[in-house]
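Undergrad: Hey, dropping entry02.cif in here, mmCIF, C-alpha atoms:
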data_model
loop_
_atom_site.label_atom_id
_atom_site.label_comp_id
_atom_site.auth_asym_id
_atom_site.auth_seq_id
_atom_site.Cartn_x
_atom_site.Cartn_y
_atom_site.Cartn_z
CA MET A 3 -24.77 -301.45 -23.47
CA LEU A 4 -22.85 -302.84 -26.43
CA PRO A 5 -20.99 -306.11 -25.93
CA THR A 6 -17.25 -306.02 -25.23
CA PRO A 7 -15.33 -308.16 -27.74
CA SER A 8 -13.92 -311.41 -26.45
CA THR A 9 -10.16 -311.47 -25.88
CA SER A 10 -10.02 -314.83 -24.12
CA HIS A 11 -7.60 -316.20 -26.74
CA VAL A 12 -5.00 -313.47 -26.06
CA CYS A 13 -1.91 -314.19 -23.97
CA PHE A 14 -1.63 -311.19 -21.65
CA ASP A 15 1.93 -312.09 -20.66
CA ARG A 16 3.10 -310.26 -23.78
CA VAL A 17 0.06 -308.35 -25.10
CA TYR A 18 -1.55 -305.46 -23.19
CA GLU A 19 -4.68 -306.59 -21.39
CA PRO A 20 -7.77 -304.41 -21.85
CA ALA A 21 -7.97 -302.06 -18.88
CA GLU A 22 -9.63 -298.83 -17.75
CA ASP A 23 -8.08 -296.90 -20.65
CA SER A 24 -9.36 -299.36 -23.25
CA PHE A 25 -12.85 -299.28 -21.74
CA LEU A 26 -12.86 -295.47 -21.66
CA LEU A 27 -12.25 -295.54 -25.42
CA LEU A 28 -15.13 -297.99 -25.92
CA ASP A 29 -17.47 -295.87 -23.78
CA THR A 30 -16.45 -292.64 -25.48
CA LEU A 31 -16.75 -293.92 -29.05
CA SER A 32 -20.19 -295.36 -28.33
CA SER A 33 -21.45 -292.40 -26.29
CA SER A 34 -24.48 -290.69 -27.78
CA SER A 35 -22.59 -287.43 -28.29
CA GLU A 36 -19.69 -289.03 -30.20
CA ALA A 37 -21.98 -291.28 -32.20
CA ALA A 38 -23.93 -288.16 -33.23
CA PHE A 39 -20.73 -286.37 -34.25
CA LEU A 40 -19.44 -289.36 -36.21
CA GLN A 41 -22.73 -290.17 -37.88
CA GLU A 42 -23.06 -286.63 -39.16
CA ARG A 43 -19.69 -287.13 -40.86
CA PHE A 44 -20.01 -290.69 -42.07
CA SER A 45 -23.57 -292.00 -42.22
CA ASN A 46 -24.34 -290.85 -45.78
CA ALA A 47 -24.92 -294.26 -47.34
CA GLN A 48 -23.66 -293.11 -50.74
CA SER A 49 -20.31 -291.87 -49.48
CA THR A 50 -17.25 -294.11 -49.59
CA PRO A 51 -16.63 -296.51 -46.70
CA PRO A 52 -14.59 -294.77 -44.00
CA LEU A 53 -11.20 -296.24 -43.07
CA VAL A 54 -10.74 -296.65 -39.31
CA LEU A 55 -7.12 -296.95 -38.19
CA GLU A 56 -6.06 -297.88 -34.70
CA VAL A 57 -2.38 -297.59 -33.86
CA GLY A 58 -1.16 -299.85 -31.07
CA VAL A 59 -4.10 -302.23 -31.18
CA GLY A 60 -2.78 -304.54 -28.44
CA SER A 61 -5.44 -307.20 -27.87
CA GLY A 62 -7.56 -305.52 -30.56
CA VAL A 63 -10.48 -304.89 -28.21
CA VAL A 64 -11.06 -301.27 -29.26
CA LEU A 65 -10.86 -301.81 -33.02
CA ALA A 66 -12.94 -304.98 -32.75
CA PHE A 67 -15.59 -303.06 -30.81
CA THR A 68 -15.64 -300.28 -33.38
CA ALA A 69 -15.85 -302.79 -36.23
CA ALA A 70 -18.60 -304.89 -34.66
CA ASN A 71 -20.65 -301.83 -33.68
CA ALA A 72 -19.94 -299.74 -36.77
CA LYS A 73 -23.64 -299.20 -37.39
CA ARG A 74 -24.20 -297.78 -33.91
CA ILE A 75 -21.02 -295.72 -33.87
CA LEU A 76 -20.57 -294.53 -37.46
CA GLY A 77 -24.09 -295.01 -38.75
CA ARG A 78 -23.10 -297.55 -41.38
CA GLN A 79 -21.98 -301.13 -41.61
CA ASP A 80 -19.64 -300.90 -44.62
CA VAL A 81 -16.65 -299.67 -42.67
CA LEU A 82 -13.00 -300.64 -43.24
CA THR A 83 -10.69 -301.22 -40.31
CA ILE A 84 -6.92 -301.47 -40.21
CA GLY A 85 -4.61 -301.74 -37.22
CA THR A 86 -0.92 -301.47 -36.47
CA ASP A 87 1.19 -302.60 -33.55
CA ILE A 88 4.92 -302.66 -32.93
CA ASN A 89 4.49 -306.05 -31.20
CA SER A 90 3.99 -308.88 -33.70
CA PHE A 91 2.25 -311.05 -31.08
CA ALA A 92 -0.32 -308.29 -30.64
CA CYS A 93 -0.88 -308.16 -34.41
CA GLN A 94 -1.80 -311.85 -34.51
CA ALA A 95 -3.95 -311.63 -31.38
CA ALA A 96 -5.81 -308.52 -32.50
CA ALA A 97 -6.59 -309.92 -35.93
CA GLN A 98 -8.33 -312.83 -34.20
CA THR A 99 -10.22 -310.54 -31.79
CA ILE A 100 -11.50 -308.45 -34.69
CA ARG A 101 -12.51 -311.45 -36.81
CA THR A 102 -14.45 -312.98 -33.92
CA ALA A 103 -16.22 -309.75 -32.99
CA ILE A 104 -17.31 -309.05 -36.56
CA THR A 105 -18.66 -312.59 -36.95
CA GLU A 106 -20.42 -312.66 -33.59
CA HIS A 107 -21.75 -309.13 -33.25
CA GLY A 108 -21.13 -307.30 -36.50
CA HIS A 109 -23.27 -309.48 -38.76
CA GLY A 110 -20.09 -310.04 -40.79
CA LYS A 111 -20.63 -306.73 -42.56
CA THR A 112 -17.66 -304.62 -41.52
CA ILE A 113 -14.55 -305.20 -43.59
CA SER A 114 -11.49 -305.84 -41.48
CA LEU A 115 -8.36 -305.32 -43.53
CA ASP A 116 -5.25 -306.37 -41.65
CA VAL A 117 -3.24 -305.67 -38.55
CA VAL A 118 0.26 -304.79 -39.67
CA ASN A 119 3.45 -304.85 -37.66
CA GLY A 120 4.83 -301.35 -37.80
CA ASP A 121 5.84 -298.13 -36.12
CA LEU A 122 2.81 -295.89 -35.48
CA ALA A 123 1.13 -294.96 -38.80
CA SER A 124 4.32 -294.71 -40.84
CA CYS A 125 3.14 -297.21 -43.49
CA LEU A 126 -0.26 -295.60 -44.17
CA ARG A 127 -0.89 -293.68 -47.35
CA PRO A 128 -1.15 -289.94 -46.66
CA GLN A 129 -4.69 -288.55 -46.20
CA SER A 130 -6.23 -292.02 -46.21
CA VAL A 131 -7.50 -292.31 -42.64
CA ASP A 132 -11.02 -291.17 -41.70
CA VAL A 133 -11.18 -292.24 -38.06
CA PHE A 134 -7.96 -292.56 -36.10
CA ILE A 135 -7.76 -294.14 -32.64
CA PHE A 136 -4.73 -294.20 -30.36
CA ASN A 137 -4.33 -295.49 -26.82
CA PRO A 138 -0.65 -294.65 -26.46
CA PRO A 139 2.03 -295.79 -24.05
CA TYR A 140 1.31 -292.81 -21.78
CA VAL A 141 3.00 -293.71 -18.49
CA PRO A 142 5.95 -291.47 -17.59
CA ALA A 143 8.60 -294.20 -17.53
CA ASP A 144 11.84 -294.77 -19.44
CA LEU A 145 11.32 -296.09 -22.94
CA PRO A 146 12.47 -299.68 -23.38
CA ASP A 147 15.76 -300.36 -25.16
CA PHE A 148 14.67 -300.83 -28.79
CA ALA A 149 17.97 -302.48 -29.70
CA ARG A 150 16.35 -305.69 -28.48
CA HIS A 151 13.27 -305.33 -30.64
CA GLU A 152 14.17 -307.45 -33.62
CA ARG A 153 15.25 -310.30 -31.37
CA TYR A 154 12.17 -310.05 -29.11
CA ASN A 155 9.51 -309.39 -31.76
CA GLY A 156 8.99 -313.06 -32.59
CA LEU A 157 9.52 -316.48 -31.17
CA PRO A 158 13.19 -317.26 -30.54
CA ASP A 159 14.63 -319.47 -33.28
CA GLY A 160 13.66 -323.07 -32.81
CA ASP A 161 11.75 -322.22 -29.66
CA ARG A 162 8.01 -322.33 -29.07
CA LYS A 163 7.98 -320.12 -26.01
CA THR A 164 8.97 -316.57 -25.20
CA THR A 165 11.25 -315.76 -22.28
CA PHE A 166 10.25 -313.71 -19.25
CA GLU A 167 12.61 -310.89 -20.34
CA GLN A 168 11.04 -310.90 -23.77
CA ASP A 169 7.51 -310.70 -22.36
CA SER A 170 8.50 -307.85 -20.00
CA TYR A 171 10.00 -305.94 -22.92
CA LEU A 172 6.89 -306.40 -25.06
CA LEU A 173 4.61 -305.19 -22.27
CA GLU A 174 6.87 -302.19 -21.62
CA LEU A 175 6.28 -301.13 -25.22
CA SER A 176 2.57 -300.92 -24.47
CA TYR A 177 2.79 -298.53 -21.53
CA ALA A 178 6.18 -296.77 -21.17
CA GLY A 179 5.92 -293.31 -22.70
CA GLY A 180 9.23 -291.63 -21.80
CA GLU A 181 9.37 -288.10 -20.42
CA GLU A 182 5.92 -286.95 -19.20
CA GLY A 183 4.64 -290.08 -20.94
CA MET A 184 4.54 -288.04 -24.15
CA VAL A 185 7.52 -289.18 -26.25
CA VAL A 186 5.59 -291.70 -28.34
CA THR A 187 2.38 -289.63 -28.36
CA ASN A 188 4.23 -286.57 -29.64
CA ARG A 189 5.68 -288.59 -32.51
CA MET A 190 2.18 -289.82 -33.31
CA LEU A 191 0.59 -286.35 -33.09
CA GLU A 192 3.09 -285.15 -35.69
CA GLN A 193 1.81 -287.75 -38.15
CA ILE A 194 -1.90 -286.99 -37.64
CA PRO A 195 -2.28 -284.02 -40.04
CA GLU A 196 -0.55 -286.09 -42.70
CA ILE A 197 -2.60 -289.30 -42.41
CA LEU A 198 -6.10 -287.88 -41.78
CA SER A 199 -8.37 -287.41 -44.79
CA THR A 200 -8.70 -283.71 -45.44
CA ASP A 201 -12.49 -283.57 -45.72
CA ARG A 202 -13.73 -285.82 -42.90
CA GLY A 203 -10.79 -287.11 -40.83
CA VAL A 204 -11.10 -287.25 -37.05
CA ALA A 205 -8.72 -288.60 -34.40
CA TYR A 206 -9.25 -289.89 -30.86
CA VAL A 207 -6.20 -289.91 -28.60
CA LEU A 208 -6.14 -290.98 -24.96
CA LEU A 209 -4.12 -288.92 -22.47
CA CYS A 210 -3.48 -289.21 -18.74
CA ALA A 211 -3.16 -286.31 -16.30
CA GLN A 212 0.67 -286.50 -16.27
CA ASN A 213 0.67 -285.90 -20.02
CA LYS A 214 -0.51 -282.30 -19.33
CA PRO A 215 -3.57 -282.63 -21.56
CA GLU A 216 -4.46 -278.92 -21.54
CA ALA A 217 -1.05 -278.05 -22.98
CA VAL A 218 -1.33 -280.88 -25.51
CA LYS A 219 -4.69 -279.57 -26.72
CA GLN A 220 -3.34 -276.01 -26.96
CA GLY A 221 -0.46 -277.33 -29.06
CA ILE A 222 -2.83 -279.06 -31.47
CA ARG A 223 -4.94 -275.91 -31.92
CA GLN A 224 -1.77 -274.20 -33.09
CA TRP A 225 -1.23 -276.65 -35.95
CA GLY A 226 -2.99 -274.17 -38.19
CA THR A 227 -6.35 -272.69 -39.11
CA GLY A 228 -9.31 -274.87 -38.20
CA TRP A 229 -7.56 -277.49 -36.06
CA MET A 230 -9.65 -278.38 -33.03
CA ALA A 231 -8.94 -280.45 -29.92
CA GLU A 232 -11.58 -281.14 -27.27
CA THR A 233 -11.94 -283.57 -24.39
CA VAL A 234 -14.89 -285.80 -25.21
CA GLY A 235 -14.57 -288.50 -22.56
CA SER A 236 -12.94 -288.88 -19.15
CA SER A 237 -12.69 -291.20 -16.20
CA GLY A 238 -11.17 -291.72 -12.81
CA LYS A 239 -11.52 -288.31 -11.18
CA GLN A 240 -8.90 -287.89 -8.47
CA ALA A 241 -8.95 -284.74 -6.36
CA GLY A 242 -10.67 -282.88 -9.18
CA TRP A 243 -8.23 -284.13 -11.82
CA GLU A 244 -9.34 -286.38 -14.63
CA LYS A 245 -7.01 -289.33 -14.51
CA LEU A 246 -7.67 -290.35 -18.11
CA GLN A 247 -9.29 -288.48 -20.95
CA ILE A 248 -10.02 -288.88 -24.63
CA VAL A 249 -9.20 -285.96 -26.86
CA ARG A 250 -10.95 -285.60 -30.18
CA ILE A 251 -8.83 -283.90 -32.87
CA TRP A 252 -10.32 -282.66 -36.12
CA LYS A 253 -10.16 -279.83 -38.59
CA GLU A 254 -13.11 -277.53 -39.14
CA GLN A 255 -13.68 -276.81 -42.80
CA ALA A 256 -13.23 -273.15 -43.65
CA MET B 4 -2.77 -309.81 -45.87
CA LYS B 5 -5.63 -308.86 -48.17
CA LEU B 6 -4.86 -307.18 -51.47
CA LEU B 7 -7.26 -304.35 -50.57
CA THR B 8 -4.93 -303.52 -47.67
CA LEU B 9 -2.27 -302.61 -50.25
CA ASN B 10 -4.62 -299.86 -51.45
CA PHE B 11 -3.84 -298.00 -48.21
CA LEU B 12 -0.19 -298.83 -47.56
CA THR B 13 2.97 -297.14 -48.68
CA CYS B 14 6.67 -297.23 -47.89
CA ALA B 15 7.32 -296.44 -44.22
CA ILE B 16 10.39 -294.35 -45.05
CA LYS B 17 9.45 -290.69 -44.70
CA THR B 18 11.38 -289.41 -47.69
CA CYS B 19 9.58 -291.89 -49.96
CA LYS B 20 6.10 -290.52 -49.23
CA SER B 21 6.36 -287.69 -51.74
CA ALA B 22 7.68 -289.99 -54.48
CA PRO B 23 4.85 -291.37 -56.64
CA SER B 24 6.81 -294.60 -57.17
CA SER B 25 6.50 -295.48 -53.45
CA PHE B 26 2.90 -296.54 -54.16
CA PRO B 27 1.83 -299.22 -54.65
CA LEU B 28 4.19 -301.53 -52.86
CA HIS B 29 5.14 -304.40 -55.15
CA PRO B 30 4.57 -307.94 -53.93
CA ARG B 31 7.52 -310.21 -54.63
CA ASP B 32 8.08 -313.96 -54.06
CA ALA B 33 4.53 -314.01 -52.71
CA SER B 34 2.66 -317.14 -51.80
CA LEU B 35 -1.04 -316.46 -52.01
CA GLU B 36 -3.91 -318.01 -50.15
CA VAL B 37 -7.59 -317.62 -50.93
CA ILE B 38 -9.70 -317.22 -47.78
CA GLU B 39 -13.39 -317.12 -48.61
CA THR B 40 -15.57 -314.49 -47.00
CA ASP B 41 -19.13 -313.29 -47.49
CA LEU B 42 -19.62 -310.86 -50.32
CA ASN B 43 -20.81 -307.45 -49.17
CA LEU B 44 -22.41 -305.77 -52.18
CA PRO B 45 -23.12 -302.33 -50.64
CA PHE B 46 -19.50 -302.21 -49.53
CA LEU B 47 -18.17 -303.12 -52.97
CA LYS B 48 -20.30 -300.44 -54.61
CA ASN B 49 -19.19 -297.77 -52.19
CA ILE B 50 -15.50 -298.67 -52.20
CA LEU B 51 -15.14 -298.16 -55.97
CA PRO B 52 -14.17 -294.45 -55.77
CA ARG B 53 -11.52 -295.26 -53.17
CA LEU B 54 -9.77 -297.89 -55.27
CA MET B 55 -6.51 -296.85 -56.90
CA TRP B 56 -7.42 -298.86 -59.95
CA ASP B 57 -4.27 -298.53 -62.05
CA GLU B 58 -2.11 -299.46 -59.08
CA LEU B 59 -4.38 -302.40 -58.25
CA ARG B 60 -3.94 -303.63 -61.82
CA VAL B 61 -0.17 -303.41 -61.38
CA ILE B 62 -0.38 -305.53 -58.23
CA THR B 63 -2.63 -308.21 -59.72
CA SER B 64 -0.50 -308.45 -62.86
CA GLU B 65 2.69 -308.77 -60.78
CA LEU B 66 1.04 -311.55 -58.82
CA GLY B 67 0.10 -313.33 -62.03
CA LEU B 68 -3.63 -313.01 -61.32
CA PRO B 69 -6.17 -312.64 -64.15
CA ASP B 70 -6.03 -309.18 -65.73
CA LEU B 71 -8.41 -306.60 -64.33
CA PRO B 72 -10.25 -304.49 -66.90
CA PRO B 73 -8.47 -301.23 -67.85
CA THR B 74 -11.17 -299.10 -66.23
CA PRO B 75 -12.86 -299.70 -62.89
CA PRO B 76 -16.36 -301.18 -62.92
CA THR B 77 -19.33 -298.92 -62.23
CA ARG B 78 -21.84 -299.49 -59.43
CA GLU B 79 -24.26 -300.84 -62.02
CA ASP B 80 -21.66 -303.35 -63.27
CA LEU B 81 -21.70 -304.99 -59.84
CA VAL B 82 -25.40 -305.86 -59.89
CA VAL B 83 -27.23 -308.39 -62.02
CA ALA B 84 -29.72 -306.44 -64.13
CA ALA B 85 -33.11 -306.50 -62.43
CA GLU B 86 -35.05 -308.26 -65.21
CA ASP B 87 -32.66 -311.23 -65.14
CA ALA B 88 -32.36 -311.37 -61.42
CA ALA B 89 -35.71 -312.25 -60.01
CA VAL B 90 -39.19 -313.25 -60.93
CA GLU B 91 -41.32 -310.18 -61.58
CA GLY B 92 -43.02 -308.80 -58.51
CA GLU B 93 -40.93 -310.81 -56.11
CA GLU B 94 -39.24 -308.85 -53.35
CA SER B 95 -35.57 -309.56 -53.64
CA GLU B 96 -32.24 -308.13 -52.70
CA GLU B 97 -29.90 -307.10 -55.45
CA GLU B 98 -27.81 -309.93 -56.78
CA ALA B 99 -24.06 -309.64 -57.19
CA SER B 100 -22.84 -309.89 -60.78
CA GLN B 101 -19.85 -311.94 -61.87
CA THR B 102 -17.89 -308.66 -61.95
CA ALA B 103 -18.71 -308.12 -58.28
CA LYS B 104 -17.71 -311.67 -57.41
CA ASP B 105 -14.41 -311.29 -59.24
CA LEU B 106 -13.72 -307.98 -57.52
CA HIS B 107 -14.57 -309.46 -54.12
CA ARG B 108 -12.20 -312.35 -54.83
CA VAL B 109 -9.33 -310.02 -55.72
CA LEU B 110 -9.79 -307.39 -52.99
CA LEU B 111 -10.87 -309.39 -49.98
CA GLU B 112 -10.33 -313.11 -50.50
CA THR B 113 -6.89 -313.18 -52.11
CA THR B 114 -4.27 -312.83 -49.41
CA VAL B 115 -0.48 -312.73 -49.30
CA LYS B 116 0.59 -315.36 -46.80
CA GLU B 117 4.35 -315.10 -47.13
CA GLY B 118 6.58 -312.94 -49.28
CA LYS B 119 7.88 -309.41 -49.58
CA LEU B 120 6.54 -305.97 -50.38
CA VAL B 121 9.01 -303.81 -52.24
CA CYS B 122 9.06 -300.01 -52.44
CA GLY B 123 9.38 -298.84 -56.06
CA ASN B 124 11.27 -295.75 -54.92
CA CYS B 125 13.93 -296.89 -52.46
CA GLY B 126 13.82 -300.64 -53.07
CA HIS B 127 13.31 -301.46 -49.40
CA GLU B 128 11.81 -304.92 -48.91
CA TYR B 129 9.19 -305.47 -46.21
CA LYS B 130 8.63 -309.08 -45.24
CA VAL B 131 5.23 -310.69 -44.90
CA LEU B 132 5.23 -313.49 -42.34
CA GLU B 133 2.14 -315.58 -41.61
CA GLY B 134 0.03 -312.96 -43.35
CA VAL B 135 1.39 -310.07 -41.29
CA PRO B 136 3.53 -307.48 -43.11
CA ASN B 137 6.40 -306.08 -41.10
CA PHE B 138 6.99 -302.36 -41.65
CA LEU B 139 9.47 -301.85 -38.85
CA LEU B 140 12.65 -300.15 -39.98
CA PRO B 141 15.99 -300.21 -38.20
CA GLY B 142 15.60 -296.42 -37.96
CA HIS B 143 12.40 -296.77 -35.92
CA LEU B 144 14.20 -298.73 -33.31
CA VAL B 145 16.92 -296.46 -32.03
#
Could you write out this file's structure as structure tokens?
TA:
Amino acid sequence: MLPTPSTSHVCFDRVYEPAEDSFLLLDTLSSSSEAAFLQERFSNAQSTPPLVLEVGVGSGVVLAFTAANAKRILGRQDVLTIGTDINSFACQAAAQTIRTAITEHGHGKTISLDVVNGDLASCLRPQSVDVFIFNPPYVPADLPDFARHERYNGLPDGDRKTTFEQDSYLLELSYAGGEEGMVVTNRMLEQIPEILSTDRGVAYVLLCAQNKPEAVKQGIRQWGTGWMAETVGSSGKQAGWEKLQIVRIWKEQA
Amino acid sequence: MKLLTLNFLTCAIKTCKSAPSSFPLHPRDASLEVIETDLNLPFLKNILPRLMWDELRVITSELGLPDLPPTPPTREDLVVAAEDAAVEGEESEEEASQTAKDLHRVLLETTVKEGKLVCGNCGHEYKVLEGVPNFLLPGHLV
């Protein structure tokens, strides 16, 4: 059992607290079957360091875990990680989580780049990402009103504290996914073929049952020749339905 | 924000992606901070093919940092030649050359603390606050 990164410094009033979905990602990425898949792709010590991108890092627990356990998961220690989040408080918190985890458990060998404040992967260079991780806002609930974002994305002028409304808004960003919980995920899925490296890119996206995962996977397989989508981790069976699942997306070379 | 991060970032505006001038983003009014970290020699050797060297040279020159050589170093350039490095017969790890130390300093220890990143295509300015670049666009938030 690999250690879970410490997030005790994170204020969960305005940054998503690691929960069942986060832990399912940790378990899936470190499962023997996924480690075998990833190591076949990445463990060649002479190949270039893979870039791991997580969108919506929140507390940073998933990216920190991947960074600290890069050897076990990807078969090499010289891995690069980069994160994005729409919530600037999450960016600061996650950067700390990742730094601590690499120092404490990663032998300081993984290279953590930065956690940038942005919308999904819109600021990443095309075809640059080797491992992509996304725990989206997947709950079917109205999207928050983004008109407030600029005002709520930092501390109010001259103030040292956030307001309750501000905190509620920031947390809504982390879970509310619009219709069928898929509005944000669909925007992200559209970007995946563009950001993944053509020769070895692979993506892990978490879905819940209300997201209609079978239809989502079918949609991905229709992106074009070679695109694959398979469920590689799941949790919380309810009446035969997987409550949460991790879908691996990749392109088979012709 | 580390300078190596800029190797992977581009303008967030979709129509800029196909324009070569949208990469690299140009630091402007940047205040830099050096944050020391351990040098990872295997990483430095392996990252060489991923570095967009000409663009990195543009960034360092715009920041007023010492000029990088016109061509990227080789793996061998990053290691002190074996005969100089250790006493004969002694088991030792490879030693990082001055070239490796300089590269480490530029890529991973030199950070932009405050300032702006400017797209060479559309001119959009992205702010860097407390080391965190902000790539949110008004268009993302509608």
Undergrad: Near B:Leu59, within 12 Å and counting all atoms listed in the file, which residues show up once chain neighbours fewer than 2 positions away are dropped, as an NGL selection string?
TA: :B and (6-11 or 26-30 or 51 or 53-57 or 61-66 or 68-75 or 106 or 109-110)
Undergrad: Could you tell me which of A:Arg202, A:Lys214, A:His109, A:Arg162 comes closest to B:Asp41 if we count all atoms listed in the file?
TA: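 The closest residue to B:Asp41 is A:His109.
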Undergrad: Please enumerate the residues selected by the PyMOL selection byres ((chain B) within 10 of (chain A)) when evaluated against the supplied file, formatted as a PyMOL selection string.
TA: chain B and resi 4-17+20-21+25-27+40-53+110-111+131-141+143-145
Undergrad: So which one's closest to B:Ala33, B:Thr102, B:Thr18, B:Thr114, B:Thr77? Using all atoms listed in the file, please.
TA: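 Nearest candidate to B:Ala33 out of B:Thr102, B:Thr18, B:Thr114, B:Thr77: B:Thr114.
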Undergrad: So the first atom is atom CA of A:Lys253 and the second is atom CA of A:Val234; what is the distance between them in Å, to one decimal place?
TA: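 Atom-to-atom, atom CA of A:Lys253 to atom CA of A:Val234, that is 15.4 Å.
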Undergrad: Quick one: distance from atom CA of A:Ile197 to atom CA of B:Val121 in Å, one decimal?
TA: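 About the pair atom CA of A:Ile197 and atom CA of B:Val121: they are 21.0 Å apart.
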Undergrad: Selected by the PyMOL selection byres ((chain A and resi 216) around 12) in the shown coordinates: which residues, as a CSV table (one decimal) with C-alpha atoms, in the coordinates of the input?
TA:
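And here is the file that came out, expr_12.csv:
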chain,number,residue,atom,x,y,z
A,209,LEU,CA,-4.1,-288.9,-22.5
A,210,CYS,CA,-3.5,-289.2,-18.7
A,211,ALA,CA,-3.2,-286.3,-16.3
A,212,GLN,CA,0.7,-286.5,-16.3
A,213,ASN,CA,0.7,-285.9,-20.0
A,214,LYS,CA,-0.5,-282.3,-19.3
A,215,PRO,CA,-3.6,-282.6,-21.6
A,217,ALA,CA,-1.0,-278.0,-23.0
A,218,VAL,CA,-1.3,-280.9,-25.5
A,219,LYS,CA,-4.7,-279.6,-26.7
A,220,GLN,CA,-3.3,-276.0,-27.0
A,221,GLY,CA,-0.5,-277.3,-29.1
A,222,ILE,CA,-2.8,-279.1,-31.5
A,223,ARG,CA,-4.9,-275.9,-31.9
A,231,ALA,CA,-8.9,-280.4,-29.9
A,232,GLU,CA,-11.6,-281.1,-27.3
A,233,THR,CA,-11.9,-283.6,-24.4
A,243,TRP,CA,-8.2,-284.1,-11.8
A,244,GLU,CA,-9.3,-286.4,-14.6
A,247,GLN,CA,-9.3,-288.5,-21.0
A,248,ILE,CA,-10.0,-288.9,-24.6
A,249,VAL,CA,-9.2,-286.0,-26.9
Undergrad: Have a look at atom CA of A:Asn89 and atom CA of A:Leu172 and let me know their distance in Å, one decimal.
TA: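 Rounded to one decimal, the two atoms are 6.6 Å apart.
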Undergrad: Between B:Ser100, B:Ser34, B:Ser24, B:Asn124, which residue has the minimum interatomic distance to B:Gly67, considering only C-alpha atoms?
TA: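 Nearest candidate to B:Gly67 out of B:Ser100, B:Ser34, B:Ser24, B:Asn124: B:Ser34.
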Undergrad: Quick one: of A:Pro146, A:Pro158, A:Pro20, A:Pro138, who's nearest to A:Thr99, counting all atoms listed in the file?
TA: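 Under the stated criterion, the closest residue is A:Pro20.
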Undergrad: Applied to the shown file, which residues does the PyMOL selection byres ((chain A and resi 204) around 10) return, written as an MDAnalysis selection string?
TA: chainID A and resid 40 43 54 131:135 194:195 198:203 205:206 230 250:253
Undergrad: Could you give me stretch 102-115 of chain B completed to N, CA and C atoms, formatted as a CSV table (one decimal), in the coordinates of the input?
TA:
chain,number,residue,atom,x,y,z
B,102,THR,N,-18.9,-309.7,-62.2
B,102,THR,CA,-17.9,-308.7,-62.0
B,102,THR,C,-17.7,-308.4,-60.5
B,103,ALA,N,-18.8,-308.3,-59.7
B,103,ALA,CA,-18.7,-308.1,-58.3
B,103,ALA,C,-18.0,-309.3,-57.6
B,104,LYS,N,-18.3,-310.5,-58.0
B,104,LYS,CA,-17.7,-311.7,-57.4
B,104,LYS,C,-16.2,-311.7,-57.7
B,105,ASP,N,-15.8,-311.3,-58.9
B,105,ASP,CA,-14.4,-311.3,-59.2
B,105,ASP,C,-13.7,-310.2,-58.4
B,106,LEU,N,-14.3,-309.1,-58.3
B,106,LEU,CA,-13.7,-308.0,-57.5
B,106,LEU,C,-13.6,-308.4,-56.1
B,107,HIS,N,-14.6,-309.0,-55.5
B,107,HIS,CA,-14.6,-309.5,-54.1
B,107,HIS,C,-13.4,-310.4,-53.9
B,108,ARG,N,-13.3,-311.3,-54.9
B,108,ARG,CA,-12.2,-312.4,-54.8
B,108,ARG,C,-10.8,-311.7,-54.8
B,109,VAL,N,-10.6,-310.7,-55.7
B,109,VAL,CA,-9.3,-310.0,-55.7
B,109,VAL,C,-9.1,-309.2,-54.5
B,110,LEU,N,-10.0,-308.4,-54.1
B,110,LEU,CA,-9.8,-307.4,-53.0
B,110,LEU,C,-9.7,-308.0,-51.6
B,111,LEU,N,-10.7,-309.0,-51.4
B,111,LEU,CA,-10.9,-309.4,-50.0
B,111,LEU,C,-10.6,-310.9,-49.7
B,112,GLU,N,-10.5,-311.7,-50.8
B,112,GLU,CA,-10.3,-313.1,-50.5
B,112,GLU,C,-8.9,-313.6,-50.9
B,113,THR,N,-8.3,-312.8,-51.7
B,113,THR,CA,-6.9,-313.2,-52.1
B,113,THR,C,-5.9,-312.5,-51.1
B,114,THR,N,-5.2,-313.4,-50.4
B,114,THR,CA,-4.3,-312.8,-49.4
B,114,THR,C,-2.8,-313.3,-49.7
B,115,VAL,N,-1.9,-312.4,-49.3
B,115,VAL,CA,-0.5,-312.7,-49.3
B,115,VAL,C,-0.1,-313.4,-48.0
